[in-house]
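What follows is a short report on a single structure.
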Amino acid sequence: MRDYWQKKPLLIRQAFPDFVSPLDGNDLAGLSLEDLVESRIVLEHGETPWQLRNGPFTEDVYSTLPERDWTLLVQAVDQFSPEVAEVLEHFKFLPNWRIDDVMISFAVPGGSVGPHYDNYDVFLLQAEGQRLWKVGQTCDNESLLLKHPDLRILDDFKQTDEWLLEPGDMLYLPPRLAHWGIAQTDCMTWSVGFRAPSTAEVVSHYADFVARFLPDEQRYTDADMSPASDPSYIRQEDIQRLRQLLNEQLNDDRMLLTWFGQYMTEPRYPELLVGSEISADDLIQALHDGAVFTRNPTARLAWSHMQLDTEPAVVFFVSGNSRILSEHLVQLLNLLCNADAMHIDNLQPWLNDPEATTLLCELVKQGSLECLDE
Ligand SMILES: [Mn+2]
């Protein structure tokens, strides 16, 4: 973290020794046929240079592709494959609300999406075959791009290094570092991608959030202002009033935490969160009968402390919602956020606590906790 995170690339040979991918190119192609899955194919020599095709695809697409120089990319495979989601267990040294998804690409020899840069950190895990990764300059919004309607390919790639990645090897790249991965054999790469809201998003979304709580009657005021000498002139004191108004509204730490937690836990595919009504009694009975609950991979969870006027509390964020809870539930939140499974053995201490059982029922109702079918 000190030397590399957000700073410079790091090649980790055999980060995952003897890594065996739980899915192959055919499985990935299968996913690309599904409506809900975001997929793309990039052909370097298609009908146009660097042709982009967007999924979902039909099976016959794969019989028309050339032998070389194309890549299939499938977003958020972790949402659809628990085996893929497991890789995220190895990234717990980073906040999970910074993680975006595991994107998987499959490429035939020569396959590449061209030299480019991303605005996000990424860990590139070689899952199958060999890919040559070239890295180059740090880019910015003035870096020259090829004229292309959809893809942001660098016009000028200044290579500084290159590494051949074998299965199990992993390369970390900080944001905005130019990179270019070229498949040497049929190859599969898992990209553990991170997300960071743009400053523009933070400013505009947070301002919108704050504004939702402000009545129309609350306005710019200027009681006791001095008489205008030049009525067209905006004075320093007018700007000072504006500055004070903004400071008062934007400096509330509880508000900021509430917005941030909700924003960063918004699920990528909310339609995959399907819950069902359950009463506390039924939930407790089900647990005694052996029911096992897990987090829905779509659910995003986070929590923090929040100092209320009266007492210390915690705030729990679940898939874009927040709820304030008593501090004594911290251990339960740890369990909900981290345990592989929730069952009678680890939930027992909470089943006589109405605040805890209400929370559990809400999570089931919301679809964030799912009952595993025995
Ligand atoms: Mn990239």
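By order of appearance in the structure tokens: chains A, B, ..., then residues from 1 within every chain, and ligands from 1 in the order shown.
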Using only C-alpha atoms and all ligand atoms, what table do you get, as JSON lines, when you list each residue of chain A with an atom no more than 12 Å from ligand 1, its nearest pair of atoms, and their distance in Å rounded to one decimal, rows by chain then rising number?
{"residue": "A:Leu73", "atom": "CA", "partner": "ligand 1", "partner_atom_place_in_ligand_line": "1 (Mn)", "distance": 11.1}
{"residue": "A:Met103", "atom": "CA", "partner": "ligand 1", "partner_atom_place_in_ligand_line": "1 (Mn)", "distance": 10.3}
{"residue": "A:Ile104", "atom": "CA", "partner": "ligand 1", "partner_atom_place_in_ligand_line": "1 (Mn)", "distance": 11.5}
{"residue": "A:Ser105", "atom": "CA", "partner": "ligand 1", "partner_atom_place_in_ligand_line": "1 (Mn)", "distance": 10.8}
{"residue": "A:Ser112", "atom": "CA", "partner": "ligand 1", "partner_atom_place_in_ligand_line": "1 (Mn)", "distance": 10.2}
{"residue": "A:Val113", "atom": "CA", "partner": "ligand 1", "partner_atom_place_in_ligand_line": "1 (Mn)", "distance": 8.3}
{"residue": "A:Gly114", "atom": "CA", "partner": "ligand 1", "partner_atom_place_in_ligand_line": "1 (Mn)", "distance": 9.1}
{"residue": "A:Pro115", "atom": "CA", "partner": "ligand 1", "partner_atom_place_in_ligand_line": "1 (Mn)", "distance": 8.3}
{"residue": "A:His116", "atom": "CA", "partner": "ligand 1", "partner_atom_place_in_ligand_line": "1 (Mn)", "distance": 6.4}
{"residue": "A:Tyr117", "atom": "CA", "partner": "ligand 1", "partner_atom_place_in_ligand_line": "1 (Mn)", "distance": 5.8}
{"residue": "A:Asp118", "atom": "CA", "partner": "ligand 1", "partner_atom_place_in_ligand_line": "1 (Mn)", "distance": 5.4}
{"residue": "A:Asn119", "atom": "CA", "partner": "ligand 1", "partner_atom_place_in_ligand_line": "1 (Mn)", "distance": 8.9}
{"residue": "A:Tyr120", "atom": "CA", "partner": "ligand 1", "partner_atom_place_in_ligand_line": "1 (Mn)", "distance": 8.6}
{"residue": "A:Asp121", "atom": "CA", "partner": "ligand 1", "partner_atom_place_in_ligand_line": "1 (Mn)", "distance": 9.1}
{"residue": "A:Val122", "atom": "CA", "partner": "ligand 1", "partner_atom_place_in_ligand_line": "1 (Mn)", "distance": 7.6}
{"residue": "A:Phe123", "atom": "CA", "partner": "ligand 1", "partner_atom_place_in_ligand_line": "1 (Mn)", "distance": 9.8}
{"residue": "A:Leu124", "atom": "CA", "partner": "ligand 1", "partner_atom_place_in_ligand_line": "1 (Mn)", "distance": 8.9}
{"residue": "A:Trp133", "atom": "CA", "partner": "ligand 1", "partner_atom_place_in_ligand_line": "1 (Mn)", "distance": 10.5}
{"residue": "A:Lys134", "atom": "CA", "partner": "ligand 1", "partner_atom_place_in_ligand_line": "1 (Mn)", "distance": 11.3}
{"residue": "A:Val135", "atom": "CA", "partner": "ligand 1", "partner_atom_place_in_ligand_line": "1 (Mn)", "distance": 10.5}
{"residue": "A:Leu151", "atom": "CA", "partner": "ligand 1", "partner_atom_place_in_ligand_line": "1 (Mn)", "distance": 11.3}
{"residue": "A:Arg152", "atom": "CA", "partner": "ligand 1", "partner_atom_place_in_ligand_line": "1 (Mn)", "distance": 10.1}
{"residue": "A:Ile153", "atom": "CA", "partner": "ligand 1", "partner_atom_place_in_ligand_line": "1 (Mn)", "distance": 10.2}
{"residue": "A:Leu154", "atom": "CA", "partner": "ligand 1", "partner_atom_place_in_ligand_line": "1 (Mn)", "distance": 11.6}
{"residue": "A:Leu171", "atom": "CA", "partner": "ligand 1", "partner_atom_place_in_ligand_line": "1 (Mn)", "distance": 11.4}
{"residue": "A:Tyr172", "atom": "CA", "partner": "ligand 1", "partner_atom_place_in_ligand_line": "1 (Mn)", "distance": 10.9}
{"residue": "A:Leu173", "atom": "CA", "partner": "ligand 1", "partner_atom_place_in_ligand_line": "1 (Mn)", "distance": 8.7}
{"residue": "A:Pro174", "atom": "CA", "partner": "ligand 1", "partner_atom_place_in_ligand_line": "1 (Mn)", "distance": 10.3}
{"residue": "A:Pro175", "atom": "CA", "partner": "ligand 1", "partner_atom_place_in_ligand_line": "1 (Mn)", "distance": 9.3}
{"residue": "A:Arg176", "atom": "CA", "partner": "ligand 1", "partner_atom_place_in_ligand_line": "1 (Mn)", "distance": 9.2}
{"residue": "A:Leu177", "atom": "CA", "partner": "ligand 1", "partner_atom_place_in_ligand_line": "1 (Mn)", "distance": 9.0}
{"residue": "A:Ala178", "atom": "CA", "partner": "ligand 1", "partner_atom_place_in_ligand_line": "1 (Mn)", "distance": 8.2}
{"residue": "A:His179", "atom": "CA", "partner": "ligand 1", "partner_atom_place_in_ligand_line": "1 (Mn)", "distance": 6.6}
{"residue": "A:Trp180", "atom": "CA", "partner": "ligand 1", "partner_atom_place_in_ligand_line": "1 (Mn)", "distance": 7.6}
{"residue": "A:Gly181", "atom": "CA", "partner": "ligand 1", "partner_atom_place_in_ligand_line": "1 (Mn)", "distance": 8.3}
{"residue": "A:Ile182", "atom": "CA", "partner": "ligand 1", "partner_atom_place_in_ligand_line": "1 (Mn)", "distance": 11.7}
{"residue": "A:Thr189", "atom": "CA", "partner": "ligand 1", "partner_atom_place_in_ligand_line": "1 (Mn)", "distance": 11.1}
{"residue": "A:Trp190", "atom": "CA", "partner": "ligand 1", "partner_atom_place_in_ligand_line": "1 (Mn)", "distance": 11.1}
{"residue": "A:Ser191", "atom": "CA", "partner": "ligand 1", "partner_atom_place_in_ligand_line": "1 (Mn)", "distance": 8.3}
{"residue": "A:Val192", "atom": "CA", "partner": "ligand 1", "partner_atom_place_in_ligand_line": "1 (Mn)", "distance": 10.6}
{"residue": "A:Gly193", "atom": "CA", "partner": "ligand 1", "partner_atom_place_in_ligand_line": "1 (Mn)", "distance": 9.1}
{"residue": "A:Phe194", "atom": "CA", "partner": "ligand 1", "partner_atom_place_in_ligand_line": "1 (Mn)", "distance": 11.4}
Once DSSP has gone over the backbone, tell me which residues of segment 209-340 of chain A are in alpha helix (DSSP H), as an MDAnalysis selection string. chainID A and resid 209:211 236:250 253:264 280:288 330:338
The selected residues should be written to file as a short mmCIF file (atom, residue, chain, number, x, y, z; two decimals), in the first residue's frame (atoms: C-alpha atoms).
data_model
loop_
_atom_site.label_atom_id
_atom_site.label_comp_id
_atom_site.auth_asym_id
_atom_site.auth_seq_id
_atom_site.Cartn_x
_atom_site.Cartn_y
_atom_site.Cartn_z
CA PHE A 209 -28.53 14.72 -1.55
CA VAL A 210 -28.23 17.67 0.84
CA ALA A 211 -30.74 19.69 -1.18
CA GLN A 236 -17.11 40.61 -0.74
CA GLU A 237 -19.69 40.59 2.08
CA ASP A 238 -22.31 39.12 -0.32
CA ILE A 239 -19.94 36.32 -1.23
CA GLN A 240 -19.15 35.80 2.45
CA ARG A 241 -22.86 35.17 3.14
CA LEU A 242 -22.91 32.65 0.31
CA ARG A 243 -19.77 30.99 1.64
CA GLN A 244 -21.37 30.71 5.09
CA LEU A 245 -24.54 29.21 3.61
CA LEU A 246 -22.52 26.56 1.78
CA ASN A 247 -20.32 25.83 4.77
CA GLU A 248 -23.35 25.36 7.01
CA GLN A 249 -24.97 22.94 4.58
CA LEU A 250 -21.96 21.00 3.35
CA ASP A 253 -20.18 14.93 8.89
CA ARG A 254 -23.22 12.73 9.59
CA MET A 255 -24.85 13.89 6.37
CA LEU A 256 -21.65 13.28 4.44
CA LEU A 257 -21.24 9.78 5.87
CA THR A 258 -24.88 8.94 5.17
CA TRP A 259 -24.63 10.05 1.56
CA PHE A 260 -21.29 8.36 0.97
CA GLY A 261 -22.33 5.03 2.47
CA GLN A 262 -25.55 4.98 0.48
CA TYR A 263 -23.84 6.02 -2.72
CA MET A 264 -20.96 3.55 -2.50
CA ALA A 280 -39.06 -12.72 13.14
CA ASP A 281 -40.76 -15.85 14.47
CA ASP A 282 -40.53 -17.60 11.10
CA LEU A 283 -36.90 -16.56 10.71
CA ILE A 284 -35.96 -17.92 14.15
CA GLN A 285 -37.86 -21.15 13.45
CA ALA A 286 -36.15 -21.53 10.07
CA LEU A 287 -32.73 -21.10 11.71
CA HIS A 288 -33.58 -23.74 14.31
CA VAL A 330 -21.36 -4.12 15.90
CA GLN A 331 -20.50 -7.81 16.26
CA LEU A 332 -23.61 -8.75 14.30
CA LEU A 333 -22.65 -6.32 11.54
CA ASN A 334 -19.20 -7.91 11.40
CA LEU A 335 -20.85 -11.27 10.99
CA LEU A 336 -23.24 -10.03 8.29
CA CYS A 337 -20.43 -8.33 6.36
CA ASN A 338 -17.81 -11.06 6.64
#
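Distance annotation: of A:Gln79, A:Asn251, A:Thr160, A:Asn321, the residue with the minimal separation from Asn296 of chain A is A:Gln79; atom set is only C-alpha atoms.
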Margin query: From a backbone DSSP assignment, name each residue in segment 65-133 of chain A labelled strand (DSSP E or B), as a PyMOL selection string.
Written below: chain A and resi 70-74+99-107+116+122-128+131-133
Residues of segment 135-217 of chain A that approach segment 25-47 of chain A to 9 Å or less, counting only C-alpha atoms: could you list each one with the shortest pair of atoms and its distance in Å to one decimal, rows by chain and increasing residue number, as a Markdown table?
| residue | atom | partner | partner_atom | distance |
| --- | --- | --- | --- | --- |
| A:Asp186 | CA | A:Gly25 | CA | 8.8 |
| A:Cys187 | CA | A:Gly25 | CA | 8.4 |
| A:Met188 | CA | A:Gly25 | CA | 7.3 |
Contact table segment 18-47 of chain A vs segment 85-100 of chain A, cut-off 12 Å, shortest pair per residue, only C-alpha atoms, as a tab-separated table:
residue	atom	partner	partner_atom	distance
A:Phe19	CA	A:Val87	CA	10.8
A:Val20	CA	A:Val87	CA	11.7
A:Ser21	CA	A:Val87	CA	10.5
A:Pro22	CA	A:Glu86	CA	10.5
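Ranking A:Phe213, A:Trp163, A:Tyr206, A:Phe106 by their shortest atom-to-atom distance to Pro9 of chain A, with only C-alpha atoms included, puts A:Trp163 first.
Between Ser276 of chain A and the residues A:Glu370, A:Glu201, A:Glu162, A:Asp216, the shortest atom-to-atom distance, using only C-alpha atoms, involves A:Glu370.
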